[in-house]
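Structure data follow from upload_33.cif (mmCIF, C-alpha atoms and all ligand atoms):
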```cif
data_run
#
loop_
_atom_site.label_atom_id
_atom_site.label_comp_id
_atom_site.auth_asym_id
_atom_site.auth_seq_id
_atom_site.Cartn_x
_atom_site.Cartn_y
_atom_site.Cartn_z
CA MET S 1 -2.74 -3.80 -35.00
CA GLY S 2 -1.33 -5.63 -32.01
CA LYS S 3 0.37 -4.00 -29.05
CA GLU S 4 0.75 -0.24 -29.22
CA PHE S 5 4.50 -0.63 -29.16
CA ASP S 6 6.19 -3.89 -29.71
CA SER S 7 9.47 -4.06 -27.86
CA ASP S 8 10.44 -4.12 -24.20
CA ARG S 9 12.41 -0.92 -24.61
CA PRO S 10 9.67 1.69 -24.03
CA ILE S 11 8.35 -0.28 -21.07
CA ALA S 12 11.77 -0.64 -19.50
CA SER S 13 12.48 3.05 -19.92
CA LEU S 14 9.37 3.92 -17.94
CA ILE S 15 10.28 1.85 -14.94
CA SER S 16 12.01 3.85 -12.25
CA PRO S 17 15.20 2.18 -11.04
CA ASP S 18 15.28 0.29 -7.75
CA ARG S 19 16.90 2.03 -4.83
CA SER S 20 19.91 0.08 -3.62
CA SER S 21 19.64 -1.99 -0.43
CA GLU S 22 22.42 0.10 1.13
CA GLU S 23 20.53 3.29 0.39
CA LEU S 24 17.45 1.90 2.13
CA GLN S 25 19.15 0.28 5.13
CA LEU S 26 17.31 1.09 8.37
CA ASN S 27 19.20 1.16 11.68
CA LYS S 28 16.24 -0.10 13.66
CA THR S 29 13.76 -2.88 12.89
CA ILE S 30 10.45 -1.10 12.41
CA LYS S 31 7.18 -2.59 13.62
CA LEU S 32 4.55 -2.60 10.89
CA ALA S 33 0.82 -3.12 10.84
CA ILE S 34 -0.70 -3.95 7.48
CA MET S 35 -4.32 -3.01 6.88
CA ALA S 36 -5.95 -4.83 3.96
CA SER S 37 -9.44 -5.57 2.67
CA GLY S 38 -8.96 -8.19 -0.05
CA ASN S 39 -6.45 -10.36 -1.82
CA GLY S 40 -3.28 -9.31 0.01
CA SER S 41 -0.65 -9.62 -2.73
CA ASN S 42 0.93 -6.43 -1.37
CA PHE S 43 0.97 -7.94 2.12
CA GLU S 44 2.89 -10.85 0.61
CA ALA S 45 5.33 -8.51 -1.17
CA VAL S 46 6.18 -6.76 2.10
CA ALA S 47 6.58 -10.10 3.90
CA LYS S 48 8.94 -11.33 1.15
CA ALA S 49 11.00 -8.11 1.23
CA ILE S 50 11.47 -8.61 4.97
CA GLU S 51 12.36 -12.29 4.53
CA THR S 52 14.99 -11.51 1.90
CA GLY S 53 16.58 -8.75 3.99
CA LYS S 54 15.46 -5.90 1.73
CA LEU S 55 13.36 -4.27 4.44
CA ASN S 56 14.39 -4.16 8.08
CA ALA S 57 10.92 -4.58 9.54
CA GLU S 58 8.54 -6.96 11.24
CA ILE S 59 4.85 -7.28 10.42
CA LYS S 60 3.39 -7.37 13.93
CA VAL S 61 -0.25 -7.58 12.90
CA LEU S 62 -2.64 -7.69 9.95
CA ILE S 63 -5.87 -5.78 10.39
CA TYR S 64 -8.58 -6.77 7.91
CA ASN S 65 -12.18 -5.60 7.69
CA ASN S 66 -13.78 -8.19 5.46
CA PRO S 67 -14.28 -11.68 6.97
CA ASP S 68 -13.77 -13.35 3.55
CA ALA S 69 -10.56 -11.53 2.63
CA LYS S 70 -7.90 -13.83 1.19
CA VAL S 71 -5.24 -11.79 2.96
CA ARG S 72 -6.17 -13.58 6.19
CA SER S 73 -4.80 -16.91 4.96
CA ARG S 74 -1.66 -15.17 3.71
CA ALA S 75 -1.10 -13.79 7.22
CA GLU S 76 -1.57 -17.27 8.62
CA LYS S 77 1.05 -18.63 6.20
CA TRP S 78 3.53 -15.96 7.35
CA GLN S 79 2.55 -16.52 11.01
CA VAL S 80 1.37 -12.95 11.42
CA PRO S 81 -1.52 -12.40 13.86
CA ALA S 82 -4.65 -11.37 11.96
CA VAL S 83 -7.29 -9.20 13.63
CA LEU S 84 -10.70 -8.81 12.01
CA ILE S 85 -12.28 -5.41 12.63
CA ASN S 86 -15.47 -5.43 10.60
CA HIS S 87 -16.61 -1.93 9.58
CA LYS S 88 -20.20 -3.18 9.42
CA GLU S 89 -20.23 -3.42 13.20
CA PHE S 90 -19.66 0.34 13.60
CA LYS S 91 -22.13 3.14 12.94
CA LYS S 92 -19.50 5.85 12.59
CA ARG S 93 -16.17 5.81 10.73
CA GLN S 94 -14.55 7.38 13.80
CA ASP S 95 -15.62 4.51 16.04
CA PHE S 96 -14.29 2.00 13.51
CA ASP S 97 -10.95 3.85 13.47
CA ARG S 98 -10.91 3.99 17.30
CA ALA S 99 -11.07 0.19 17.39
CA ILE S 100 -8.24 0.05 14.84
CA VAL S 101 -6.07 2.47 16.85
CA GLU S 102 -6.61 0.37 19.97
CA THR S 103 -5.22 -2.69 18.17
CA LEU S 104 -2.32 -0.71 16.68
CA LYS S 105 -1.36 0.55 20.16
CA GLU S 106 -1.64 -2.94 21.60
CA TYR S 107 0.96 -4.16 19.07
CA GLN S 108 3.17 -1.07 19.61
CA ILE S 109 3.20 -0.26 15.92
CA ASP S 110 5.64 2.25 14.38
CA TRP S 111 4.19 2.41 10.85
CA VAL S 112 0.76 1.60 9.44
CA VAL S 113 0.62 0.37 5.84
CA MET S 114 -2.69 0.44 3.97
CA ALA S 115 -2.18 -2.26 1.33
CA GLY S 116 -5.50 -2.53 -0.46
CA TRP S 117 -7.46 -0.95 2.43
CA MET S 118 -10.78 0.00 0.90
CA ARG S 119 -12.11 2.23 3.70
CA VAL S 120 -11.83 6.00 4.07
CA VAL S 121 -9.75 6.85 7.13
CA THR S 122 -10.55 9.59 9.64
CA GLU S 123 -8.65 12.02 11.84
CA VAL S 124 -8.86 9.45 14.64
CA LEU S 125 -6.30 7.20 12.94
CA LEU S 126 -4.20 10.02 11.48
CA GLN S 127 -3.90 11.89 14.79
CA ALA S 128 -2.85 8.71 16.59
CA PHE S 129 -0.15 8.02 13.93
CA PRO S 130 0.76 11.43 12.47
CA ASN S 131 2.71 11.06 9.19
CA ARG S 132 3.03 7.35 9.91
CA VAL S 133 0.26 5.96 7.74
CA ILE S 134 1.25 4.85 4.24
CA ASN S 135 -1.07 3.96 1.36
CA ILE S 136 -0.63 2.30 -2.02
CA HIS S 137 -2.91 3.33 -4.85
CA PRO S 138 -3.12 1.90 -8.41
CA SER S 139 -2.69 5.15 -10.39
CA LEU S 140 -0.23 7.97 -10.81
CA LEU S 141 -1.75 10.33 -8.25
CA PRO S 142 -3.19 12.93 -8.34
CA SER S 143 -4.88 11.28 -11.34
CA PHE S 144 -7.69 8.80 -10.72
CA ARG S 145 -8.26 9.01 -7.00
CA GLY S 146 -10.80 6.76 -5.27
CA LEU S 147 -12.32 3.47 -6.35
CA ARG S 148 -11.85 1.88 -9.82
CA ALA S 149 -8.59 3.71 -10.49
CA VAL S 150 -7.43 1.20 -13.11
CA GLU S 151 -10.77 1.30 -14.95
CA LYS S 152 -10.76 5.11 -14.81
CA ALA S 153 -7.32 5.24 -16.45
CA LEU S 154 -8.57 2.98 -19.26
CA GLU S 155 -11.75 5.03 -19.69
CA ALA S 156 -9.74 8.27 -19.85
CA LYS S 157 -7.59 6.68 -22.61
CA VAL S 158 -4.36 7.86 -21.03
CA LYS S 159 -1.26 6.15 -22.41
CA ILE S 160 0.58 5.79 -19.13
CA THR S 161 -0.69 4.96 -15.68
CA GLY S 162 1.00 3.32 -12.72
CA CYS S 163 0.99 3.26 -8.95
CA THR S 164 1.79 5.57 -6.09
CA VAL S 165 2.87 5.06 -2.50
CA HIS S 166 2.21 8.07 -0.32
CA ILE S 167 1.83 9.27 3.24
CA VAL S 168 -1.88 9.45 4.06
CA SER S 169 -3.65 12.72 4.75
CA LEU S 170 -7.35 13.31 5.40
CA GLU S 171 -8.34 13.90 1.79
CA VAL S 172 -8.78 10.56 0.00
CA ASP S 173 -5.70 9.37 -1.96
CA SER S 174 -3.67 12.49 -1.26
CA GLY S 175 -0.64 13.34 0.86
CA PRO S 176 3.12 13.48 0.24
CA ILE S 177 4.25 11.04 -2.45
CA LEU S 178 7.05 8.62 -1.55
CA ILE S 179 7.53 6.62 -4.77
CA GLN S 180 5.64 6.24 -8.05
CA ALA S 181 6.11 3.78 -10.89
CA ALA S 182 4.79 4.20 -14.41
CA VAL S 183 3.07 1.47 -16.44
CA PRO S 184 2.24 1.93 -20.14
CA ILE S 185 -1.29 1.13 -21.28
CA LEU S 186 -1.44 -1.24 -24.23
CA ILE S 187 -4.14 -1.11 -26.89
CA ASP S 188 -5.70 -4.44 -25.96
CA ASP S 189 -5.52 -3.97 -22.18
CA THR S 190 -8.48 -4.93 -20.03
CA PRO S 191 -8.82 -3.82 -16.40
CA GLU S 192 -7.45 -7.23 -15.42
CA THR S 193 -4.36 -7.26 -17.67
CA LEU S 194 -3.50 -3.67 -16.80
CA HIS S 195 -4.01 -4.19 -13.06
CA ALA S 196 -1.76 -7.25 -13.19
CA ARG S 197 1.10 -5.14 -14.63
CA VAL S 198 0.42 -2.32 -12.16
CA GLN S 199 0.63 -4.83 -9.34
CA ILE S 200 4.09 -6.02 -10.44
CA GLU S 201 5.23 -2.43 -9.89
CA GLU S 202 3.29 -2.12 -6.63
CA HIS S 203 5.06 -5.12 -5.18
CA ARG S 204 8.42 -3.62 -6.15
CA ILE S 205 7.89 -0.09 -4.83
CA LEU S 206 5.85 -0.67 -1.66
CA PRO S 207 8.69 -2.15 0.45
CA GLN S 208 11.08 0.52 -0.87
CA ALA S 209 8.63 3.31 0.01
CA ILE S 210 8.18 1.96 3.54
CA ALA S 211 11.96 2.01 4.00
CA LEU S 212 12.19 5.53 2.55
CA ALA S 213 9.51 6.85 4.90
CA ALA S 214 11.12 5.24 7.93
CA LEU S 215 14.57 6.50 6.88
CA SER S 216 13.38 10.08 6.66
CA GLN S 217 11.91 9.72 10.16
CA GLU S 218 15.21 8.26 11.46
CA LYS S 219 17.08 11.22 10.03
CA GLN S 220 14.70 13.72 11.63
CA VAL S 221 15.02 12.03 15.02
CA SER S 222 18.85 12.04 14.88
CA LYS S 223 19.03 15.73 13.90
C1 LIG S 301 -3.89 -2.72 -5.04
O1 LIG S 301 -3.82 -2.60 -6.43
C2 LIG S 301 -3.94 -1.37 -4.37
O2 LIG S 301 -3.22 -0.40 -5.07
C3 LIG S 301 -5.41 -1.08 -4.41
O3 LIG S 301 -6.02 -2.31 -4.10
C4 LIG S 301 -5.20 -3.37 -4.61
C5 LIG S 301 -4.99 -4.39 -3.51
O4 LIG S 301 -4.33 -5.50 -4.01
N1 LIG S 301 -5.77 -0.07 -3.47
C6 LIG S 301 -6.71 0.84 -3.69
O5 LIG S 301 -7.37 0.89 -4.71
C7 LIG S 301 -6.91 1.84 -2.56
N2 LIG S 301 -7.51 3.04 -3.04
P1 LIG S 301 -3.81 -6.65 -3.03
O6 LIG S 301 -4.98 -6.98 -2.08
O7 LIG S 301 -3.49 -7.79 -3.92
O8 LIG S 301 -2.63 -6.15 -2.26
#
```

Write-out of the structure in structure tokens:
Amino acid sequence: MGKEFDSDRPIASLISPDRSSEELQLNKTIKLAIMASGNGSNFEAVAKAIETGKLNAEIKVLIYNNPDAKVRSRAEKWQVPAVLINHKEFKKRQDFDRAIVETLKEYQIDWVVMAGWMRVVTEVLLQAFPNRVINIHPSLLPSFRGLRAVEKALEAKVKITGCTVHIVSLEVDSGPILIQAAVPILIDDTPETLHARVQIEEHRILPQAIALAALSQEKQVSK
């Protein structure tokens, strides 16, 4: 047997529709910081959404924690300042987060986006940016929190997984959900093939979720 289902139809029916650009139009250009630990394809997706006018934002800074992270060269390409804050240089998570907050304040950031940030955050960051930290995770939360989310979905033999963008709270991979997208698991999927399809959805929903979060804040402020 080949693929579990053979046409595009079931896949298409699982994909939540895009929000229209009008629906997501922000009045003010928001200042973003992206925090990333690795490849940075989500960084790139946000940068492209800004370039094509889909997201009224500016990436003021990239914070990365791993000196070898590919995301650094992506930031360079997009002419975004990249600041390395290496967690290995800090004994306590709180001190690491204090250094991050200092940089975020320096760049006068409105919203913090964790796009492949592989560190647990503390109250130090969340109290400095209450309800203004966003995370993307490669599963349909609350399923498969933490590391190896794609592998865990395969091991659990679920038929559908996906990705979630949410506001960050202290408990790992929890907090109010902004947008989710579903991805069907195919019989011959490997962690790599499945993650690649999850990432297509991540790149689509992350910019939309950032706009949604900022819009809800704009509405609260104007009340
Ligand atoms: C993404 O799939 C993101 O959901 C995941 O890391 C990947 C980063 O990809 N994040 C987590 O697992 C956080 N718990 P990228 O570096 O290509 O943007």

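Comparing S:Ala75, S:Val120, S:Ile179, S:Leu215 by their smallest distance to Asn42 of chain S, the closest is S:Ala75 (using all atoms listed in the file).
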
Centre and size of axis-aligned box enclosing segment 67-77 of chain S plus 8 Å each side, as JSON:
```
{"center_x": -6.6, "center_y": -15.1, "center_z": 4.9, "size_x": 31.3, "size_y": 23.1, "size_z": 23.4}
```

**Request:** Might you pull out every residue within 10 Å of segment 124-135 of chain S, with only C-alpha atoms counted and same-chain residues fewer than 5 positions away left off, and present them as number ranges by chain?
**Result:** S: 33-35, 93-102, 104-105, 109-117, 164-170, 173-178, 206, 209-210, 213-214, 217

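Compared by their closest atoms to ligand LIG 301 (chain S), and using only C-alpha atoms and all ligand atoms, the residues S:Lys91, S:Lys70, S:Lys54, S:Lys219 rank with S:Lys70 nearest.
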
**Request:** Go through the chains and note each residue within 8 Å of ligand LIG 301 (chain S), using all atoms listed in the file, then give the set as number ranges by chain.
**Result:** S: 36-44, 71, 114-118, 135-139, 145-149, 163-164, 173, 195, 198-199, 202

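For the choices S:Thr122, S:Thr193, S:Asn66, S:Asn27, the atom-to-atom distance to Glu218 of chain S is smallest for S:Asn27 when using all atoms listed in the file.
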
**Message:** Taking (4.1, 0.9, -15.4) in the coordinates of the supplied file, I want to know which residues reach to within 8 Å of it, counting only C-alpha atoms; could you give the answer as a PyMOL selection string?
**Reply:** chain S and resi 11+14-15+160-163+181-185+197-198+201

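Here atom CA of Leu32 of chain S and atom CA of Leu194 of chain S stand 28.9 Å from one another.
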
**Asked** So what do you get for atom CA of His203 of chain S versus atom CA of Leu84 of chain S, distance-wise?
**Response** 23.6 Å

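Rounded to one decimal, atom CA of Leu24 of chain S and atom CA of Ile200 of chain S lie 20.0 Å from each other.
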
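Candidate residues S:Glu155, S:Glu22, S:Glu171, S:Glu58 were compared for distance to Thr190 of chain S, and the nearest is S:Glu155, using all atoms listed in the file.
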